[in-house]
Amino acid sequence: MNRDCVLKVIGLTKKYSVKKQQAVNAVNNISFEAYKGEVLGFLGPNGAGKTTTIKMICSLIKATNGKIFIEGVDSNKSRSKSLRNISAVFEGNRNIFWRLTVRENLEFFASLKGHNPKKIRDKIQYYIEFFDLKEKENEAARNLSRGMQQKLSIATAMVNGCNIILLDEPTLGLDVKASYNIRKLLKEIVKEENKTIILTTHDMNVVQDTCDRVIIMNKGKIVAEDKTKNLLRLFSMKKYNFVVEGKISPEQKKEFKMIPYLDIEEKELETEIIITLENPQIFYDVTRILSKEDSIIKNIENKELNFEKVFVKIIGGSEESA
Amino acid sequence: MPSVWILTKGLMKKEIIEFKRYLFNTIGGILTVYVIFLLLFSGYKGVSGMNIDTGDTLENLVVGFVLWNFLMFSYQDVKNTITEENKRGTLEQLYMSAYPFTLLIIIKSVISMFFNFIFTGIILILTMATTKVFLNIDIISLIPLLILTGLSILGIGLMLGGLSLIFKKVGSYMQIVQFLIVGLVAVPVNRFPILRLLPGSLGASMIRRITIYGENILDFSSFEMLKLTGVGILYLTLGCIIYKICESKVMEKGILGHF
């Protein structure tokens, strides 16, 4: 294990038996590492195996195969010891005790991890202020807004000193402002506390904003793993947009349809032909088809991609190759 | 494993906070139990008639009812903790504590048992005042017997809690256990000694001897105490084993947090 590696997953597999002799591979032989002070995002469509992976790391789902090392501790061999180094906030607002106040929740979660709340009083106070919960510290959790409940959930995961925080869909169901606040807080946590955050999400803004590295899963397998900026660069470099004056002819359309990964967007005064340069020949093919009918190319631009498009592209690719 | 005392203090504080915050509910619960007793008592009077010498039957009714309540609270606490935390979504958080969950739930139940002593005491005072039947309340003798009797019921609670993890919505079936506990408290262990092996039965019989016939803990032979302890440990161990088996099945199926 590397010096900075805090989580190592080797050959993790989860098979569910649906009927006799029939098994569904929810997670299929995945391996990855997470490092100190990074935000690692798990991205994938529904049923990709993200939550199952997170719950196996938390020892809440028994893996069929594979090993998980949390700060060097084999979680199969020493469940309780490995759990001392890890906290999790699961999907929804059901991670906190609704009858307890903000402060009482933080104290109770600390004692669940074996920390005497009296001895970490300063730390509790720090997190109440860090998560901007000071005004509500004596309010029962059930009376808080959804955004505040989520802040409290993350605070409870932080207060017990765990170095690895797992967040399952941390911005799900939050309004734009609350989602922005959570994203901001996650960045601050990593920056100020050097913690490792592993999150699953459907929200591309979360990935683009907060994740240093992304693992994209589909059908239980890892289909891509790289730094967020590399994934974005990889696709933005290959995507071009031809802006053509007026409409293109049906013959041209027919020929364009033969080119893979080409989209046509017809507007009132112009037509956009968006290509992905899987092969440089595509560029020449497009210009050849356009020149045949003297179509006027107004502009050729390198198209900016957001993470959503990268994600759709990777998932699409993985399904085609399957 | 970190200090168990920290966990115990944390669980106790949570229990006290919830008890104080929901005091009205607690009082309502006690009053409901008392009203049920009044109905039972009125029915009993109607059947036996006011002028008939009832011997120790009335005492038996009071002890049986109070004991049934105590054991029922103890059994329900384990099962309710598991099902309620599952419903609220906090069960997974409890599972992620630095302590084994079975230890956590046992500690929580023992703390709840302590609160049950208080509620049972209040119910006992109310029932004694109503019936004018004053029992021998030898606290020193009763507390160890109640704890040992409660252990076996805790075991039953763990078994059923485990089953509710797998089968989820089994609440209505679990209600039947309440009536089984009436049977366990009332079985004539002196006539059929084998019945002493049933959870709670031997303890109930010994508690009756103290409260109705004025005996104390020193009147019991070491063999009797050993049997009571053995039965308590046996059912608690069985409860833990069955709970662990259910937990393992649930984790294999990946349905721990589902409800």
# chains A, B, ... in the order shown; residues from 1 in each chain; ligands from 1
>>> interface_residues(of="chain B", to="chain A", cutoff="10 Å", atoms="only C-alpha atoms", output="count of residues only")
46
>>> select_by_dssp(residues="region 22-245 of chain A", states="alpha helix (DSSP H)", output="number ranges by chain")
A: 50-57, 79-83, 102-112, 121-130, 146-159, 176-193, 204-210, 228-236
>>> residues_around(residues="region 143-147 of chain A", least_positions_apart="5", cutoff="9 Å", atoms="only C-alpha atoms", output="PyMOL selection string")
chain A and resi 93+98+136+152+171+173-175+177-179+181-182
>>> residues_around(residues="region 126-135 of chain A", least_positions_apart="2", cutoff="10 Å", atoms="only C-alpha atoms", output="ChimeraX atom specification")
/A:102-103,106,120-124,137-139,144,148-149,151-152,154-156,158-159,181-182,185,188-189
>>> residues_around(residues="region 109-114 of chain B", least_positions_apart="5", cutoff="9 Å", atoms="only C-alpha atoms", output="list in words")
Thr8, Leu11, Met12, Glu15, Phe70, Phe73, Ser74, Tyr75, Asp77, Val78, Thr81, Leu104, Ile147, Gly150, Leu151 and Leu154 of chain B
>>> residues_around(residues="Gly49 (chain A)", least_positions_apart="6", cutoff="6 Å", atoms="only C-alpha atoms", output="number ranges by chain")
A: 26-27, 220
>>> residues_around(residues="Lys219 (chain A)", least_positions_apart="5", cutoff="9 Å", atoms="only C-alpha atoms", output="PyMOL selection string")
chain A and resi 25-28+44-45+47-49+319
>>> select_by_dssp(residues="region 141-308 of chain A", states="strand (DSSP E)", output="number ranges by chain")
A: 164-168, 196-201, 213-218, 221-227, 239-245, 262-266, 270-276, 297-302
>>> atom_distance(atom1="CA of Gln175 (chain B)", atom2="CA of Pro144 (chain B)")
27.5 Å
>>> atom_distance(atom1="CA of Phe283 (chain A)", atom2="CA of Ile264 (chain A)")
14.6 Å
>>> atom_distance(atom1="CA of Arg183 (chain A)", atom2="CA of Ala140 (chain A)")
24.3 Å
>>> decode(residues="region 90-128 of chain B", atoms="C-alpha atoms", output="short mmCIF file (atom, residue, chain, number, x, y, z; two decimals), in the first residue's frame")
data_model
loop_
_atom_site.label_atom_id
_atom_site.label_comp_id
_atom_site.auth_asym_id
_atom_site.auth_seq_id
_atom_site.Cartn_x
_atom_site.Cartn_y
_atom_site.Cartn_z
CA THR B 90 -30.32 4.96 11.49
CA LEU B 91 -29.74 1.21 11.87
CA GLU B 92 -26.88 1.34 9.36
CA GLN B 93 -25.27 4.15 11.35
CA LEU B 94 -25.46 2.05 14.51
CA TYR B 95 -23.92 -0.83 12.57
CA MET B 96 -21.04 1.45 11.61
CA SER B 97 -20.13 2.15 15.21
CA ALA B 98 -16.77 0.96 16.48
CA TYR B 99 -18.53 -1.67 18.61
CA PRO B 100 -20.17 -4.95 17.55
CA PHE B 101 -23.88 -4.32 17.04
CA THR B 102 -24.95 -7.21 19.29
CA LEU B 103 -23.01 -5.66 22.16
CA LEU B 104 -24.56 -2.27 21.43
CA ILE B 105 -28.10 -3.64 21.43
CA ILE B 106 -27.55 -5.65 24.63
CA ILE B 107 -26.19 -2.56 26.43
CA LYS B 108 -29.11 -0.50 25.14
CA SER B 109 -31.59 -3.12 26.33
CA VAL B 110 -30.03 -3.33 29.78
CA ILE B 111 -30.34 0.47 30.06
CA SER B 112 -33.98 0.25 28.95
CA MET B 113 -34.51 -2.50 31.50
CA PHE B 114 -33.40 -0.05 34.17
CA PHE B 115 -36.09 2.38 33.00
CA ASN B 116 -38.55 -0.51 32.94
CA PHE B 117 -37.86 -1.06 36.63
CA ILE B 118 -39.06 2.48 37.26
CA PHE B 119 -42.19 2.17 35.10
CA THR B 120 -42.96 -1.25 36.54
CA GLY B 121 -42.54 0.20 40.03
CA ILE B 122 -45.07 2.96 39.25
CA ILE B 123 -47.52 0.45 37.76
CA LEU B 124 -47.04 -1.79 40.79
CA ILE B 125 -47.80 1.04 43.22
CA LEU B 126 -50.92 1.99 41.23
CA THR B 127 -52.18 -1.60 41.08
CA MET B 128 -51.51 -2.21 44.77
#
